[in-house]
Every structure is written in structure tokens, then in C-alpha cells.
Amino acid sequence: MATSKGNKVGTGDLKCHRCAICDGYGCPGMLPGLGGVFDGKNFQLNCEGWKELYNTKKEEISKIEVKPELLRCGPVTGAVENIGYANESDFYLPYLKNAAKAGFGLCVGDGCPDEKLKLGTAAIKELAENTVVSTDSTTVKAAFFLKPYPQERLFERIEWVRPYASHIGIDIDSYNIVTMRNLVNLERKTAAQLEEFREHTKLPFVIKGVFTDDDIALVREVRPDVVYISNHGGRVETRIGSTANFLAEHAAELKKYCQEIWVDGGIRTREDIQTALYYGADQIIMARPLIRATYDDHFDETVRELLGG
């Protein structure tokens with residue numbers, strides 16, 4: 001991770017401790033914040049998993065080319081309570097604009113209150129209308145990930161984001177996320193509900209939060225366009241394990257039921273990205289390193305490290 005230059009985008013106090021190595025050991029239990037559940041156990045395992053896999057096939061994996069179009073910024077919300085911004089609105093445009101300028105794909109998340117989704121949507125709209133990062137600005141779109149609200153509320157949210165979306169997905173695991181518990185009514189979705197959701201999107205459909213045998217069974221039944229392997233960065237109370245090992249163990253099977261596999265969780269370095277690509281990921285999603293790089297204003301440095309330039 002690049003060191004901070006000391007410049008902050010917006011006001012506030014970053015909740016990240018800026019550890020020299022971002023591996024989950026410096027922020028156990030920091031929720032709200034940038035830590036993880038189980039005293040950070042899955043956050044830590046996510047980070048360790050990529051290193052272990054890389055070292056078993058280092059010679060082969062190190063030859064894989066890392067291109068910006070293979071990367072995406074993570075679908076992040078909660079700039080005030082989770083990141084430390086003074087104002088929620090300060091985060092979205094700088095974060096998404098930095099990623100777009102780097103040539104990364106974009107992701108937008110959902111949250112409570114609705115303002116969070118609307119701020120992310122407004123940032124994508126502004127980039128599409130005004131950005132200079134693309135020769136055709138109308139192509140600037142994002143993958144939107146909605147929380148598993150009751151169906152009618154989800155259908156309303158689809159209408160908000162569809163004009164700015166390349167993909168629309170649902171966070172199947174976030175019905176159990178600690179930071180939204182007792183704030184809103186989220187539900188565990190059935191295959192029939194996911195099919196109904198897909199019919200309303202009219203866009204490539206993503207199931208995000210695939211991390212258990214039950215999730216694989218759901219994917220087998222629904223057959224989405226994209227399977228997104230994630231344990232929410234170690235922030236949901238699911239089984240103990242890493243997304244790295246889940247990808248390595250299940251990518252071949254999951255590819256039978258979808259067109260692409262996306263993955264996040266503990267991805268910090270160029271070597272981590274190469275490892276995820278080697279084991280079958282089509283898109284690599286990163287959040288914490290890009291959040292910190294945006295807040296501390298060293299995004300270009302971070303991109304150079306990730307791409308090896």
C-alpha cells in the first residue's frame with residue numbers, strides 16, 4: 001500500500017488505522033468502521049488466502065498480465081459511519097471518478113437511508129454527462145448492487161438505477177449484515193424471488209455474496225449472468241473461510257451456471273489480482289485500498305502499484 005501524502009478529500013477522520021499492511025489485524029471488531037466480524041477473522045483469512053495460493057503456483061501466476069479493465073472499485077456506502085467522512089456526499093464522486101480515470105469498472109452499493117444509493121447514482125450520472133475519461137461519455141455506467149429489501153421496494157430501486165447501470169445485482173448475504181441490522185427490513189431471497197428480480201432489471205443480473213454450499217445451490221437453480229464471490233470483506237456473519245479458497249475450490253463448477261465470476265475480499269496487491277485471475281475470476285473487485293487512496297489522495301500511486309507500471 002502506498003503511504004499517505006497527508007492530503008484529505010473532504011473532511012472527517014478516516015476510521016482506517018493506515019496499517020503498513022492491510023490484513024485485518026489492526027481493526028478487529030471495528031463495525032461501524034472498516035473492520036470485520038468474528039474479531040476480523042474472515043477479513044484476515046481473505047488476505048492470507050491470496051498469499052497462500054500465490055506461493056503454491058508463484059512461477060505461473062506471476063506471468064499473468066494485469067489490465068485495468070479487469071478491475072472494479074467495490075460497491076461502497078456508509079461514508080460517514082464506516083469510512084469516517086464528515087458528510088456522506090463527499091465520498092461518491094471522487095471515489096468513482098478516480099476508478100473511472102484509472103480505467104477500472106465501477107460498482108455502486110446500496111444502504112440505509114436511501115440517500116446512499118441516490119448519491120452513488122448521482123455520481124455515475126455526473127460522470128456519464130461530464131467525464132473526460134472516455135471518448136464516449138455515455139458509456140460510463142456501473143454495476144449496481146441492491147440490498148435484499150422486500151420485492152416491491154427492490155423494484156422501485158431498480159427504476160432509480162437502471163438508466164446508469166451496466167449490471168444490476170443483489171447482495172444475497174447482506175440480509176445478515178451487522179451494520180444494517182435492526183435498521184431496515186431485509187430478507188433472505190428465494191430462487192423464485194431472484195428470478196422475479198432479474199425479470200425487472202432487463203440487464204445482466206449478478207448474484208453477489210456467494211460463499212456457501214447453499215449459495216452454490218441457489219446459483220445452480222437461478223443461473224445468473226454473473227456470480228460474485230464475496231463475504232462482504234469479512235463483514236457478514238457467515239461461515240469462517242476466505243473468498244480466495246472458495247474461488248479456487250468452486251470456480252470450475254460455478255462457471256457451468258454463469259457467464260462470468262467476480263470476486264472480492266482481501267485483494268490488496270498485484271500478486272493478489274494475478275492469483276484471482278489464475279483461479280478463474282473474470283473481474284476483480286477492490287474496496288479498502290481504493291477507499292484509502294481516495295481519502296488520502298494517492299490514487300495514482302496505488303494504481304501504478306496494482307498494474308505494475
# chains A, B, ... in the order shown; residues from 1 in each chain; ligands from 1
>>> residues_around(residues="segment 11-17 of chain A", least_positions_apart="5", cutoff="12 Å", atoms="only C-alpha atoms", output="PDB file with N, CA, C and O atoms, in the first residue's frame")
ATOM      1  N   SER A   4       0.480   7.536   2.757  1.00  0.00           N
ATOM      2  CA  SER A   4      -0.356   8.719   2.573  1.00  0.00           C
ATOM      3  C   SER A   4       0.500   9.949   2.336  1.00  0.00           C
ATOM      4  O   SER A   4       1.547  10.139   2.937  1.00  0.00           O
ATOM      5  N   GLY A   6      -0.886  12.772   3.031  1.00  0.00           N
ATOM      6  CA  GLY A   6      -1.418  13.677   4.022  1.00  0.00           C
ATOM      7  C   GLY A   6      -2.510  14.589   3.513  1.00  0.00           C
ATOM      8  O   GLY A   6      -3.013  15.422   4.257  1.00  0.00           O
ATOM      9  N   CYS A  22      -2.430  -3.977   5.149  1.00  0.00           N
ATOM     10  CA  CYS A  22      -3.870  -4.025   5.426  1.00  0.00           C
ATOM     11  C   CYS A  22      -4.310  -5.487   5.392  1.00  0.00           C
ATOM     12  O   CYS A  22      -4.569  -6.049   4.328  1.00  0.00           O
ATOM     13  N   ASP A  23      -4.382  -6.099   6.588  1.00  0.00           N
ATOM     14  CA  ASP A  23      -4.686  -7.526   6.639  1.00  0.00           C
ATOM     15  C   ASP A  23      -5.726  -7.891   7.702  1.00  0.00           C
ATOM     16  O   ASP A  23      -5.946  -9.063   7.982  1.00  0.00           O
ATOM     17  N   GLY A  24      -6.376  -6.889   8.295  1.00  0.00           N
ATOM     18  CA  GLY A  24      -7.440  -7.155   9.242  1.00  0.00           C
ATOM     19  C   GLY A  24      -7.006  -7.324  10.679  1.00  0.00           C
ATOM     20  O   GLY A  24      -7.854  -7.460  11.565  1.00  0.00           O
ATOM     21  N   TYR A  25      -5.704  -7.303  10.939  1.00  0.00           N
ATOM     22  CA  TYR A  25      -5.247  -7.489  12.316  1.00  0.00           C
ATOM     23  C   TYR A  25      -5.219  -6.179  13.102  1.00  0.00           C
ATOM     24  O   TYR A  25      -5.125  -6.199  14.333  1.00  0.00           O
ATOM     25  N   GLY A  26      -5.316  -5.057  12.400  1.00  0.00           N
ATOM     26  CA  GLY A  26      -5.277  -3.762  13.084  1.00  0.00           C
ATOM     27  C   GLY A  26      -6.637  -3.193  13.407  1.00  0.00           C
ATOM     28  O   GLY A  26      -6.727  -2.139  14.051  1.00  0.00           O
ATOM     29  N   CYS A  27      -7.727  -3.859  12.976  1.00  0.00           N
ATOM     30  CA  CYS A  27      -9.058  -3.282  13.163  1.00  0.00           C
ATOM     31  C   CYS A  27     -10.112  -4.339  13.509  1.00  0.00           C
ATOM     32  O   CYS A  27     -11.213  -4.308  12.966  1.00  0.00           O
ATOM     33  N   PRO A  28      -9.794  -5.287  14.379  1.00  0.00           N
ATOM     34  CA  PRO A  28     -10.800  -6.307  14.701  1.00  0.00           C
ATOM     35  C   PRO A  28     -12.017  -5.696  15.378  1.00  0.00           C
ATOM     36  O   PRO A  28     -11.887  -4.869  16.278  1.00  0.00           O
ATOM     37  N   MET A  30     -14.130  -3.529  14.365  1.00  0.00           N
ATOM     38  CA  MET A  30     -14.460  -2.131  14.074  1.00  0.00           C
ATOM     39  C   MET A  30     -15.651  -2.037  13.124  1.00  0.00           C
ATOM     40  O   MET A  30     -15.514  -1.818  11.926  1.00  0.00           O
ATOM     41  N   LEU A  31     -16.824  -2.236  13.669  1.00  0.00           N
ATOM     42  CA  LEU A  31     -18.073  -2.101  12.924  1.00  0.00           C
ATOM     43  C   LEU A  31     -19.063  -1.326  13.787  1.00  0.00           C
ATOM     44  O   LEU A  31     -19.412  -1.791  14.878  1.00  0.00           O
ATOM     45  N   PRO A  32     -19.516  -0.127  13.342  1.00  0.00           N
ATOM     46  CA  PRO A  32     -19.143   0.518  12.086  1.00  0.00           C
ATOM     47  C   PRO A  32     -17.633   0.810  12.038  1.00  0.00           C
ATOM     48  O   PRO A  32     -16.995   0.922  13.062  1.00  0.00           O
ATOM     49  N   GLY A  33     -17.160   0.928  10.829  1.00  0.00           N
ATOM     50  CA  GLY A  33     -15.740   1.099  10.585  1.00  0.00           C
ATOM     51  C   GLY A  33     -15.331   0.223   9.429  1.00  0.00           C
ATOM     52  O   GLY A  33     -16.168  -0.224   8.650  1.00  0.00           O
ATOM     53  N   LEU A  34     -14.040  -0.028   9.305  1.00  0.00           N
ATOM     54  CA  LEU A  34     -13.525  -0.810   8.186  1.00  0.00           C
ATOM     55  C   LEU A  34     -13.042  -2.191   8.624  1.00  0.00           C
ATOM     56  O   LEU A  34     -12.330  -2.868   7.892  1.00  0.00           O
ATOM     57  N   GLY A  35     -13.431  -2.621   9.809  1.00  0.00           N
ATOM     58  CA  GLY A  35     -13.031  -3.931  10.281  1.00  0.00           C
ATOM     59  C   GLY A  35     -13.983  -5.022   9.845  1.00  0.00           C
ATOM     60  O   GLY A  35     -14.734  -4.873   8.887  1.00  0.00           O
ATOM     61  N   GLY A  78     -21.950   4.138   3.173  1.00  0.00           N
ATOM     62  CA  GLY A  78     -21.658   4.360   4.587  1.00  0.00           C
ATOM     63  C   GLY A  78     -20.396   5.166   4.790  1.00  0.00           C
ATOM     64  O   GLY A  78     -19.568   4.840   5.642  1.00  0.00           O
ATOM     65  N   ALA A  79     -20.252   6.252   4.034  1.00  0.00           N
ATOM     66  CA  ALA A  79     -19.034   7.049   4.102  1.00  0.00           C
ATOM     67  C   ALA A  79     -18.825   7.675   5.470  1.00  0.00           C
ATOM     68  O   ALA A  79     -17.683   7.840   5.911  1.00  0.00           O
ATOM     69  N   VAL A  80     -19.896   8.014   6.140  1.00  0.00           N
ATOM     70  CA  VAL A  80     -19.771   8.632   7.463  1.00  0.00           C
ATOM     71  C   VAL A  80     -19.473   7.574   8.525  1.00  0.00           C
ATOM     72  O   VAL A  80     -18.453   7.627   9.208  1.00  0.00           O
ATOM     73  N   GLU A  81     -20.372   6.579   8.655  1.00  0.00           N
ATOM     74  CA  GLU A  81     -20.204   5.631   9.756  1.00  0.00           C
ATOM     75  C   GLU A  81     -19.097   4.620   9.528  1.00  0.00           C
ATOM     76  O   GLU A  81     -18.443   4.172  10.480  1.00  0.00           O
ATOM     77  N   ASN A  82     -18.829   4.228   8.280  1.00  0.00           N
ATOM     78  CA  ASN A  82     -17.839   3.182   8.023  1.00  0.00           C
ATOM     79  C   ASN A  82     -16.461   3.716   7.651  1.00  0.00           C
ATOM     80  O   ASN A  82     -15.449   3.097   7.981  1.00  0.00           O
ATOM     81  N   ILE A  83     -16.412   4.836   6.937  1.00  0.00           N
ATOM     82  CA  ILE A  83     -15.122   5.346   6.459  1.00  0.00           C
ATOM     83  C   ILE A  83     -14.611   6.490   7.329  1.00  0.00           C
ATOM     84  O   ILE A  83     -13.411   6.573   7.613  1.00  0.00           O
ATOM     85  N   GLY A  84     -15.514   7.382   7.741  1.00  0.00           N
ATOM     86  CA  GLY A  84     -15.093   8.491   8.584  1.00  0.00           C
ATOM     87  C   GLY A  84     -15.249   9.860   7.967  1.00  0.00           C
ATOM     88  O   GLY A  84     -14.799  10.861   8.541  1.00  0.00           O
ATOM     89  N   TYR A  85     -15.888   9.941   6.798  1.00  0.00           N
ATOM     90  CA  TYR A  85     -16.159  11.242   6.206  1.00  0.00           C
ATOM     91  C   TYR A  85     -17.135  12.018   7.085  1.00  0.00           C
ATOM     92  O   TYR A  85     -18.017  11.433   7.729  1.00  0.00           O
ATOM     93  N   ALA A  86     -16.999  13.334   7.080  1.00  0.00           N
ATOM     94  CA  ALA A  86     -17.943  14.175   7.818  1.00  0.00           C
ATOM     95  C   ALA A  86     -19.295  14.218   7.131  1.00  0.00           C
ATOM     96  O   ALA A  86     -20.332  14.324   7.785  1.00  0.00           O
ATOM     97  N   ASN A  87     -19.278  14.127   5.794  1.00  0.00           N
ATOM     98  CA  ASN A  87     -20.504  14.207   5.006  1.00  0.00           C
ATOM     99  C   ASN A  87     -20.564  13.034   4.039  1.00  0.00           C
ATOM    100  O   ASN A  87     -19.591  12.765   3.317  1.00  0.00           O
ATOM    101  N   GLU A  88     -21.687  12.355   3.982  1.00  0.00           N
ATOM    102  CA  GLU A  88     -21.861  11.217   3.083  1.00  0.00           C
ATOM    103  C   GLU A  88     -21.599  11.608   1.630  1.00  0.00           C
ATOM    104  O   GLU A  88     -21.002  10.850   0.860  1.00  0.00           O
ATOM    105  N   SER A  89     -22.011  12.796   1.259  1.00  0.00           N
ATOM    106  CA  SER A  89     -21.923  13.221  -0.142  1.00  0.00           C
ATOM    107  C   SER A  89     -20.493  13.473  -0.602  1.00  0.00           C
ATOM    108  O   SER A  89     -20.241  13.577  -1.802  1.00  0.00           O
ATOM    109  N   ASP A  90     -19.539  13.586   0.326  1.00  0.00           N
ATOM    110  CA  ASP A  90     -18.157  13.884  -0.062  1.00  0.00           C
ATOM    111  C   ASP A  90     -17.452  12.705  -0.724  1.00  0.00           C
ATOM    112  O   ASP A  90     -16.423  12.879  -1.380  1.00  0.00           O
ATOM    113  N   PHE A  91     -17.966  11.516  -0.528  1.00  0.00           N
ATOM    114  CA  PHE A  91     -17.226  10.311  -0.912  1.00  0.00           C
ATOM    115  C   PHE A  91     -17.427   9.863  -2.352  1.00  0.00           C
ATOM    116  O   PHE A  91     -16.473   9.541  -3.055  1.00  0.00           O
ATOM    117  N   ARG A 288     -11.139  -1.540   0.089  1.00  0.00           N
ATOM    118  CA  ARG A 288     -10.380  -0.822   1.120  1.00  0.00           C
ATOM    119  C   ARG A 288      -9.161  -0.072   0.579  1.00  0.00           C
ATOM    120  O   ARG A 288      -8.956   1.088   0.939  1.00  0.00           O
ATOM    121  N   PRO A 289      -8.318  -0.674  -0.295  1.00  0.00           N
ATOM    122  CA  PRO A 289      -7.169   0.093  -0.788  1.00  0.00           C
ATOM    123  C   PRO A 289      -7.584   1.329  -1.584  1.00  0.00           C
ATOM    124  O   PRO A 289      -6.905   2.368  -1.506  1.00  0.00           O
ATOM    125  N   ILE A 291     -10.491   2.991  -1.229  1.00  0.00           N
ATOM    126  CA  ILE A 291     -11.087   3.951  -0.298  1.00  0.00           C
ATOM    127  C   ILE A 291      -9.983   4.802   0.329  1.00  0.00           C
ATOM    128  O   ILE A 291     -10.056   6.039   0.345  1.00  0.00           O
ATOM    129  N   ARG A 292      -8.973   4.128   0.842  1.00  0.00           N
ATOM    130  CA  ARG A 292      -7.884   4.861   1.492  1.00  0.00           C
ATOM    131  C   ARG A 292      -7.145   5.746   0.492  1.00  0.00           C
ATOM    132  O   ARG A 292      -6.781   6.896   0.803  1.00  0.00           O
ATOM    133  N   ALA A 293      -6.923   5.241  -0.706  1.00  0.00           N
ATOM    134  CA  ALA A 293      -6.217   6.025  -1.727  1.00  0.00           C
ATOM    135  C   ALA A 293      -7.006   7.263  -2.123  1.00  0.00           C
ATOM    136  O   ALA A 293      -6.427   8.311  -2.431  1.00  0.00           O
ATOM    137  N   THR A 294      -8.328   7.158  -2.120  1.00  0.00           N
ATOM    138  CA  THR A 294      -9.174   8.318  -2.408  1.00  0.00           C
ATOM    139  C   THR A 294      -9.121   9.312  -1.262  1.00  0.00           C
ATOM    140  O   THR A 294      -8.913  10.513  -1.462  1.00  0.00           O
ATOM    141  N   TYR A 295      -9.298   8.831  -0.046  1.00  0.00           N
ATOM    142  CA  TYR A 295      -9.338   9.714   1.115  1.00  0.00           C
ATOM    143  C   TYR A 295      -8.014  10.451   1.308  1.00  0.00           C
ATOM    144  O   TYR A 295      -7.985  11.649   1.579  1.00  0.00           O
ATOM    145  N   ASP A 296      -6.914   9.726   1.143  1.00  0.00           N
ATOM    146  CA  ASP A 296      -5.590  10.304   1.385  1.00  0.00           C
ATOM    147  C   ASP A 296      -4.923  10.861   0.129  1.00  0.00           C
ATOM    148  O   ASP A 296      -3.771  11.293   0.182  1.00  0.00           O
TER     149      ASP A 296
END
>>> select_by_dssp(residues="segment 58-221 of chain A", states="strand (DSSP E)", output="PyMOL selection string")
chain A and resi 71-73+107-108+142-146+165-171+205-210
>>> residues_around(residues="segment 213-226 of chain A", least_positions_apart="3", cutoff="7 Å", atoms="only C-alpha atoms", output="list in words")
Ala191, Glu195, Pro204, Phe205, Val206, Ile207, Val210, Tyr257, Cys258, Gln259, Glu260 and Ile261 of chain A
>>> atom_distance(atom1="atom CA of Phe38 of chain A", atom2="atom CA of Phe145 of chain A")
24.4 Å
>>> closest_residue(among="A:Glu305, A:Leu154, A:Leu203, A:Asn176", to="Asp272 of chain A", atoms="only C-alpha atoms")
A:Glu305
>>> closest_residue(among="A:Arg157, A:Arg188, A:Gly308, A:Ile240", to="Glu271 of chain A", atoms="only C-alpha atoms")
A:Gly308
>>> closest_residue(among="A:Ile124, A:Val178, A:Cys47, A:Val184", to="Val161 of chain A", atoms="only C-alpha atoms")
A:Ile124
>>> residues_around(residues="Val108 of chain A", least_positions_apart="3", cutoff="6 Å", atoms="only C-alpha atoms", output="list in words")
Pro75, Gly120 and Phe144 of chain A
>>> closest_atom_pairs(of="segment 234-265 of chain A", to="segment 55-72 of chain A", cutoff="10 Å", atoms="only C-alpha atoms", output="Markdown table")
| residue | atom | partner | partner_atom | distance |
| --- | --- | --- | --- | --- |
| A:Trp262 | CA | A:Arg72 | CA | 9.5 |
| A:Val263 | CA | A:Arg72 | CA | 9.9 |
| A:Asp264 | CA | A:Arg72 | CA | 9.5 |
>>> residues_around(residues="Cys107 of chain A", least_positions_apart="4", cutoff="12 Å", atoms="only C-alpha atoms", output="ChimeraX atom specification")
/A:71-77,92,95-97,99-100,117,120-121,123-124,140-146,161,164-169,206,208,262,264,283-287
>>> select_by_dssp(residues="segment 22-97 of chain A", states="alpha helix (DSSP H)", output="PyMOL selection string")
chain A and resi 37-56+58-61+92-97
>>> atom_distance(atom1="atom CA of Glu159 of chain A", atom2="atom CA of Leu183 of chain A")
22.9 Å
